[in-house]
$ cat target17.txt   # compact mmCIF, C-alpha atoms
# COMPACT_ATOMS: atom_id res chain seq x y z
CA MET A 6 262.01 10.18 168.05
CA ILE A 7 263.46 10.78 164.61
CA ASP A 8 267.00 9.63 163.84
CA ILE A 9 268.73 12.74 162.49
CA THR A 10 272.03 10.99 161.70
CA PRO A 11 271.22 10.53 157.96
CA ILE A 12 270.29 14.20 157.62
CA ILE A 13 273.57 15.30 159.19
CA PHE A 14 275.48 12.81 157.09
CA TYR A 15 273.96 13.87 153.77
CA LEU A 16 274.42 17.55 154.59
CA ALA A 17 278.09 17.09 155.58
CA ALA A 18 278.81 14.81 152.62
CA LEU A 19 277.22 17.28 150.20
CA ILE A 20 279.24 20.17 151.63
CA ALA A 21 282.47 18.12 151.60
CA ILE A 22 282.09 16.98 147.99
CA GLY A 23 280.89 20.37 146.78
CA SER A 24 283.82 22.21 148.34
CA ALA A 25 286.22 19.54 147.07
CA VAL A 26 284.96 20.23 143.54
CA MET A 27 285.51 23.93 144.13
CA VAL A 28 289.06 23.24 145.38
CA VAL A 29 289.79 21.66 142.02
CA VAL A 30 288.03 24.13 139.72
CA ALA A 31 288.37 27.55 141.42
CA HIS A 32 290.84 29.88 139.72
CA ASN A 33 292.19 31.87 142.65
CA THR A 34 294.60 30.04 144.96
CA ILE A 35 293.22 31.70 148.08
CA TYR A 36 289.70 30.49 147.16
CA ASN A 37 291.09 26.97 146.69
CA LEU A 38 292.51 27.14 150.22
CA LEU A 39 289.28 28.48 151.76
CA PHE A 40 287.22 25.75 150.10
CA LEU A 41 289.75 23.18 151.36
CA ILE A 42 289.12 24.45 154.91
CA ILE A 43 285.37 23.94 154.40
CA THR A 44 286.10 20.40 153.19
CA PHE A 45 288.18 19.74 156.33
CA ILE A 46 285.37 20.90 158.61
CA ALA A 47 282.70 18.87 156.79
CA THR A 48 284.93 15.78 156.88
CA ALA A 49 285.45 16.29 160.62
CA VAL A 50 281.66 16.09 161.00
CA LEU A 51 281.72 12.78 159.09
CA TRP A 52 284.46 11.48 161.39
CA LEU A 53 282.34 12.46 164.41
CA LEU A 54 279.47 10.43 162.96
CA LEU A 55 281.88 7.48 162.75
CA HIS A 56 282.62 7.77 166.52
CA ALA A 57 286.18 9.05 165.94
CA ASP A 58 285.76 12.02 168.27
CA PHE A 59 289.40 12.52 169.26
CA LEU A 60 290.71 12.15 165.71
CA ALA A 61 288.13 14.56 164.32
CA LEU A 62 289.17 17.21 166.83
CA ALA A 63 292.88 16.53 166.27
CA MET A 64 292.37 16.78 162.50
CA LEU A 65 290.58 20.11 162.93
CA PHE A 66 293.30 21.50 165.20
CA ILE A 67 296.18 20.37 163.00
CA ASN A 68 294.76 20.86 159.51
CA VAL A 69 292.64 23.97 159.95
CA GLY A 70 294.66 25.50 162.77
CA ALA A 71 298.20 24.93 161.57
CA LEU A 72 298.26 23.69 157.98
CA ALA A 73 295.81 26.21 156.51
CA VAL A 74 297.60 29.07 158.24
CA LEU A 75 300.90 27.84 156.79
CA PHE A 76 299.38 27.78 153.30
CA MET A 77 297.84 31.20 153.83
CA LEU A 78 301.19 32.70 154.91
CA THR A 79 302.94 31.20 151.89
CA ILE A 80 300.32 32.52 149.49
CA MET A 81 300.65 35.96 151.06
CA LEU A 82 304.46 35.84 150.86
CA LEU A 83 304.55 34.98 147.17
CA ASP A 84 303.38 37.25 144.40
CA LEU A 85 300.89 35.05 142.60
CA HIS A 86 299.23 37.71 140.45
CA LYS A 87 301.58 36.96 137.61
CA ILE A 88 300.15 33.48 137.20
CA LYS A 89 297.61 33.56 134.42
CA ARG A 90 295.16 30.81 133.79
CA VAL A 91 296.40 28.25 131.30
CA LYS A 92 294.17 27.58 128.32
CA THR A 93 292.32 24.38 129.10
CA ASN A 94 293.11 21.47 126.86
CA TRP A 95 289.73 19.74 126.80
CA LEU A 96 291.09 16.47 125.39
CA TYR A 97 293.49 16.02 128.33
CA THR A 98 290.80 17.12 130.75
CA ALA A 99 288.39 14.55 129.32
CA ILE A 100 291.00 11.77 129.52
CA ALA A 101 291.90 12.72 133.10
CA GLY A 102 288.22 12.88 134.05
CA GLY A 103 287.57 9.47 132.52
CA CYS A 104 290.50 7.85 134.34
CA THR A 105 289.47 9.46 137.63
CA SER A 106 285.85 8.37 137.22
CA ILE A 107 286.97 4.79 136.56
CA LEU A 108 289.14 4.97 139.70
CA ALA A 109 286.27 6.29 141.83
CA ILE A 110 283.78 3.74 140.46
CA MET A 111 286.30 0.96 141.14
CA PHE A 112 286.69 2.06 144.78
CA ILE A 113 282.92 2.27 145.22
CA ILE A 114 282.34 -1.17 143.67
CA ILE A 115 285.03 -2.76 145.86
CA ALA A 116 283.49 -1.18 148.94
CA SER A 117 279.92 -2.09 147.94
CA THR A 118 280.67 -5.80 147.67
CA GLN A 119 281.38 -6.08 151.39
CA LYS A 120 278.92 -6.57 154.22
CA LEU A 121 279.33 -3.56 156.48
CA ARG A 122 277.84 -2.18 159.68
CA HIS A 123 278.94 -0.20 162.71
CA ALA A 124 280.91 -2.05 165.37
CA LYS A 125 279.82 -1.79 168.97
CA HIS A 126 280.47 1.70 170.22
CA ILE A 127 283.93 2.07 171.74
CA SER A 128 283.34 3.80 175.05
CA ASN A 129 286.62 5.65 175.62
CA GLU A 130 288.38 6.44 172.39
CA ILE A 131 291.41 8.33 173.70
CA ARG A 132 292.15 5.62 176.25
CA SER A 133 291.95 2.85 173.66
CA ILE A 134 294.17 4.74 171.21
CA GLY A 135 296.74 5.49 173.89
CA ASN A 136 296.79 1.90 175.11
CA VAL A 137 297.72 0.64 171.66
CA LEU A 138 299.87 3.59 170.53
CA TYR A 139 302.30 3.47 173.45
CA THR A 140 302.68 -0.32 173.45
CA HIS A 141 302.27 -2.03 170.07
CA TYR A 142 303.02 1.00 167.93
CA PHE A 143 305.74 2.53 170.10
CA VAL A 144 308.41 2.35 167.36
CA THR A 145 306.04 3.93 164.84
CA PHE A 146 305.25 6.69 167.31
CA GLU A 147 308.95 7.47 167.82
CA LEU A 148 309.66 7.34 164.07
CA VAL A 149 306.85 9.79 163.37
CA GLY A 150 308.34 12.13 165.97
CA LEU A 151 311.68 11.85 164.21
CA LEU A 152 309.97 12.53 160.87
CA LEU A 153 308.48 15.75 162.22
CA LEU A 154 311.89 16.84 163.51
CA VAL A 155 313.52 16.13 160.13
CA ALA A 156 310.74 17.96 158.28
CA MET A 157 311.14 21.00 160.53
CA LEU A 158 314.93 21.06 160.14
CA SER A 159 314.78 20.62 156.37
CA ALA A 160 312.23 23.42 156.01
CA VAL A 161 314.45 25.75 158.03
CA ILE A 162 317.61 24.79 156.13
CA LEU A 163 315.92 25.15 152.73
CA ILE A 164 314.64 28.64 153.46
CA LYS A 165 317.77 29.93 155.25
CA GLU A 166 319.62 32.72 153.46
CA GLU A 167 323.03 31.86 152.06
CA GLN A 168 325.78 33.44 154.10
CA MET B 27 270.50 3.19 160.49
CA LEU B 28 272.63 4.73 157.80
CA ASN B 29 274.19 2.47 155.22
CA MET B 30 277.97 2.35 155.65
CA HIS B 31 278.51 2.31 151.88
CA ALA B 32 277.58 5.97 151.70
CA TYR B 33 280.69 6.85 153.72
CA PHE B 34 282.83 4.92 151.26
CA ILE B 35 281.36 6.85 148.35
CA VAL B 36 282.29 10.14 150.04
CA SER B 37 285.88 9.08 150.78
CA SER B 38 286.38 7.66 147.27
CA LEU B 39 285.06 10.86 145.73
CA LEU B 40 287.40 12.95 147.90
CA PHE B 41 290.41 10.91 146.80
CA ALA B 42 289.36 10.88 143.15
CA LEU B 43 288.74 14.64 143.10
CA GLY B 44 292.19 15.27 144.56
CA PHE B 45 293.72 12.97 141.94
CA PHE B 46 291.81 14.75 139.18
CA GLY B 47 293.02 18.10 140.46
CA VAL B 48 296.65 16.95 140.48
CA ILE B 49 296.29 15.78 136.87
CA ILE B 50 294.52 18.78 135.34
CA ASN B 51 296.29 21.50 137.34
CA ARG B 52 299.48 22.14 135.41
CA LYS B 53 300.09 25.73 136.40
CA ASN B 54 300.18 26.48 140.09
CA LEU B 55 302.38 24.48 142.47
CA ILE B 56 300.39 25.50 145.58
CA SER B 57 297.12 24.28 144.03
CA ILE B 58 298.78 20.91 143.40
CA LEU B 59 299.77 20.73 147.08
CA LEU B 60 296.17 21.55 148.06
CA CYS B 61 294.88 18.72 145.85
CA ILE B 62 297.36 16.33 147.50
CA GLU B 63 295.86 17.38 150.85
CA LEU B 64 292.47 16.37 149.48
CA MET B 65 293.81 12.92 148.54
CA PHE B 66 295.30 12.46 152.04
CA LEU B 67 291.94 13.42 153.54
CA GLY B 68 290.15 10.77 151.46
CA VAL B 69 292.60 8.05 152.52
CA ALA B 70 292.38 9.01 156.21
CA THR B 71 288.57 8.97 156.00
CA ASN B 72 288.76 5.47 154.52
CA PHE B 73 290.84 4.31 157.50
CA ILE B 74 288.36 5.87 159.93
CA ILE B 75 285.46 4.08 158.22
CA TYR B 76 287.19 0.74 158.60
CA ALA B 77 288.00 1.55 162.23
CA SER B 78 284.32 2.21 162.81
CA ILE B 79 283.20 -0.98 161.05
CA TYR B 80 285.59 -3.42 162.67
CA GLY B 81 286.23 -1.56 165.91
CA ALA B 82 289.95 -1.65 165.06
CA VAL B 83 292.09 0.83 166.96
CA SER B 84 295.05 0.21 164.60
CA ALA B 85 293.18 1.86 161.74
CA LYS B 86 292.68 4.97 163.87
CA ILE B 87 296.40 5.04 164.61
CA MET B 88 297.10 4.81 160.88
CA ALA B 89 294.80 7.79 160.33
CA LEU B 90 296.71 9.69 163.02
CA MET B 91 300.00 8.86 161.26
CA ILE B 92 298.52 10.06 157.96
CA ILE B 93 297.68 13.41 159.55
CA VAL B 94 301.24 13.77 160.89
CA VAL B 95 302.82 12.80 157.56
CA THR B 96 300.55 15.30 155.80
CA VAL B 97 301.87 18.08 157.99
CA ALA B 98 305.52 17.10 157.41
CA GLU B 99 304.97 16.85 153.65
CA THR B 100 303.30 20.26 153.54
CA ALA B 101 306.10 21.93 155.53
CA VAL B 102 308.79 20.64 153.17
CA GLY B 103 306.66 21.24 150.07
CA LEU B 104 305.95 24.86 150.95
CA ALA B 105 309.65 25.42 151.73
CA ILE B 106 310.48 24.14 148.24
CA VAL B 107 307.79 26.38 146.74
CA ILE B 108 309.28 29.43 148.44
CA LEU B 109 312.76 28.40 147.28
CA ILE B 110 311.60 28.06 143.67
CA HIS B 111 309.86 31.43 143.84
CA LYS B 112 313.00 33.03 145.26
CA GLN B 113 315.18 31.66 142.47
CA GLN B 114 312.88 31.99 139.47
CA GLN B 115 310.18 34.53 140.48
CA HIS B 116 307.35 32.15 139.51
CA ILE B 117 305.86 28.83 140.61
CA ASP B 118 304.67 27.74 137.21
CA VAL B 119 305.14 23.99 136.90
CA THR B 120 305.30 24.08 133.10
CA LYS B 121 308.25 26.50 133.15
CA LEU B 122 310.38 24.52 135.63
CA THR B 123 312.54 22.94 132.95
CA ARG B 124 316.08 23.61 134.14
CA LEU B 125 316.81 19.90 134.46
CA LYS B 126 315.65 19.36 130.84
CA GLY B 127 313.51 16.42 131.90

$ encode --input "target17.txt" --output "C-alpha cells"
Amino acid sequence: MIDITPIIFYLAALIAIGSAVMVVVAHNTIYNLLFLIITFIATAVLWLLLHADFLALAMLFINVGALAVLFMLTIMLLDLHKIKRVKTNWLYTAIAGGCTSILAIMFIIIASTQKLRHAKHISNEIRSIGNVLYTHYFVTFELVGLLLLVAMLSAVILIKEEQ
Amino acid sequence: MLNMHAYFIVSSLLFALGFFGVIINRKNLISILLCIELMFLGVATNFIIYASIYGAVSAKIMALMIIVVTVAETAVGLAIVILIHKQQQHIDVTKLTRLKG
C-alpha cells in the first residue's frame, strides 16, 4: 500500500504557489481573480490534508462561493479598460522582491527550527469546534457577528445614492 | 509520513507573495485587494498547521475568525472602490491625490 499523501500535497502546493504567482503578475484583473480562485481550491486541499475538514469546506463556500462572486460583480460593474499597465520600475521591484524574500526565508527558518509532527487525529472536528466556540469563545463569536452586521451596513450606506 | 515543514513553506510563500503583490502593484485597487486576500489565506493556513500539530481547537477558531474578517474587509473595500470609481471614473492608486498626502 503506497502512501499517496505526499503526492497530493506536492501537487496541491505546486498549484497553490503557481497560481499565487500568477495572481501577482497577471495583467488582467479578471485573470488575477480566476487564479485566486484556483489558489483557494488548492489551499482547501492542503487544509483537508491537515484534518481541517469543516474549515476547508467553509473556506470554499465563503471564499469561492461568495467572495469571488462579489469581486467578479465589482469588476463587471466598473469600466477597467482605461487602466493601462504602468511602466515597471525594476529598481523598486528588485527592492520589494528582496525584502519579500528575506521575509519568506525568515518565516521558513523560524518554522524549521521547531520539532513538528501531526497530533493524534481529532475524531469529530465540528463537535470539538462547536464545544469551544460556544463556551470559551462566546464573546468573540458575538463580536464577529456584530462585525459582519457593521460591515454590511457600512457597505450599503457607502454605495447608497445621495437623496 | 510527510514532513510538516513543507506546509510551513507553502503558507509562508503564500503570505510573502501577497505582500510582494501589494508592494509592486501601484495601479489597480482591486488587484491590491486580491493580494490582501492572498496574505489572509497564508495566515489562516499557518493557524491550521499549528492546529494540526498541537491538536489545538483554538487555532481553528482563529482561522474561522480570519475567514469572517476577510469577508467583512472585502465588502467594505469593494464598496469604497465603487465609490471612488463613481466620483473619479478611475481606480488608479497613483492618481488618488486629493488629500495631498

$ closest_residue --input "target17.txt" --among "B:Leu40, B:Ala70, B:Val83, B:Ile62" --to "Ala61 in chain A" --atoms "only C-alpha atoms"
B:Ala70

$ residues_around --input "target17.txt" --residues "Leu163 in chain A" --least-positions-apart "6" --cutoff "12 Å" --atoms "only C-alpha atoms" --output "PyMOL selection string"
(chain A and resi 155-157) or (chain B and resi 101-110+112)

$ closest_residue --input "target17.txt" --among "A:Leu148, A:Ile35, A:Val29, A:Ile131" --to "chain B" --atoms "only C-alpha atoms"
A:Val29

$ closest_residue --input "target17.txt" --among "B:Ala42, B:Met30, B:Ala77, B:Leu60" --to "Ile110 in chain A" --atoms "only C-alpha atoms"
B:Ala42

$ atom_distance --input "target17.txt" --atom1 "CA of Phe45 in chain B" --atom2 "CA of Trp95 in chain A"
17.1 Å

$ closest_residue --input "target17.txt" --among "B:Ile93, B:Ile87, B:Leu55, B:Ile75" --to "Leu122 in chain B" --atoms "all atoms listed in the file"
B:Leu55

$ residues_around --input "target17.txt" --residues "Asp118 in chain B" --least-positions-apart "2" --cutoff "6 Å" --atoms "all atoms listed in the file" --output "PyMOL selection string"
chain B and resi 53-54+116+120-121

$ atom_distance --input "target17.txt" --atom1 "CA of Thr140 in chain A" --atom2 "CA of Met88 in chain B"
14.7 Å
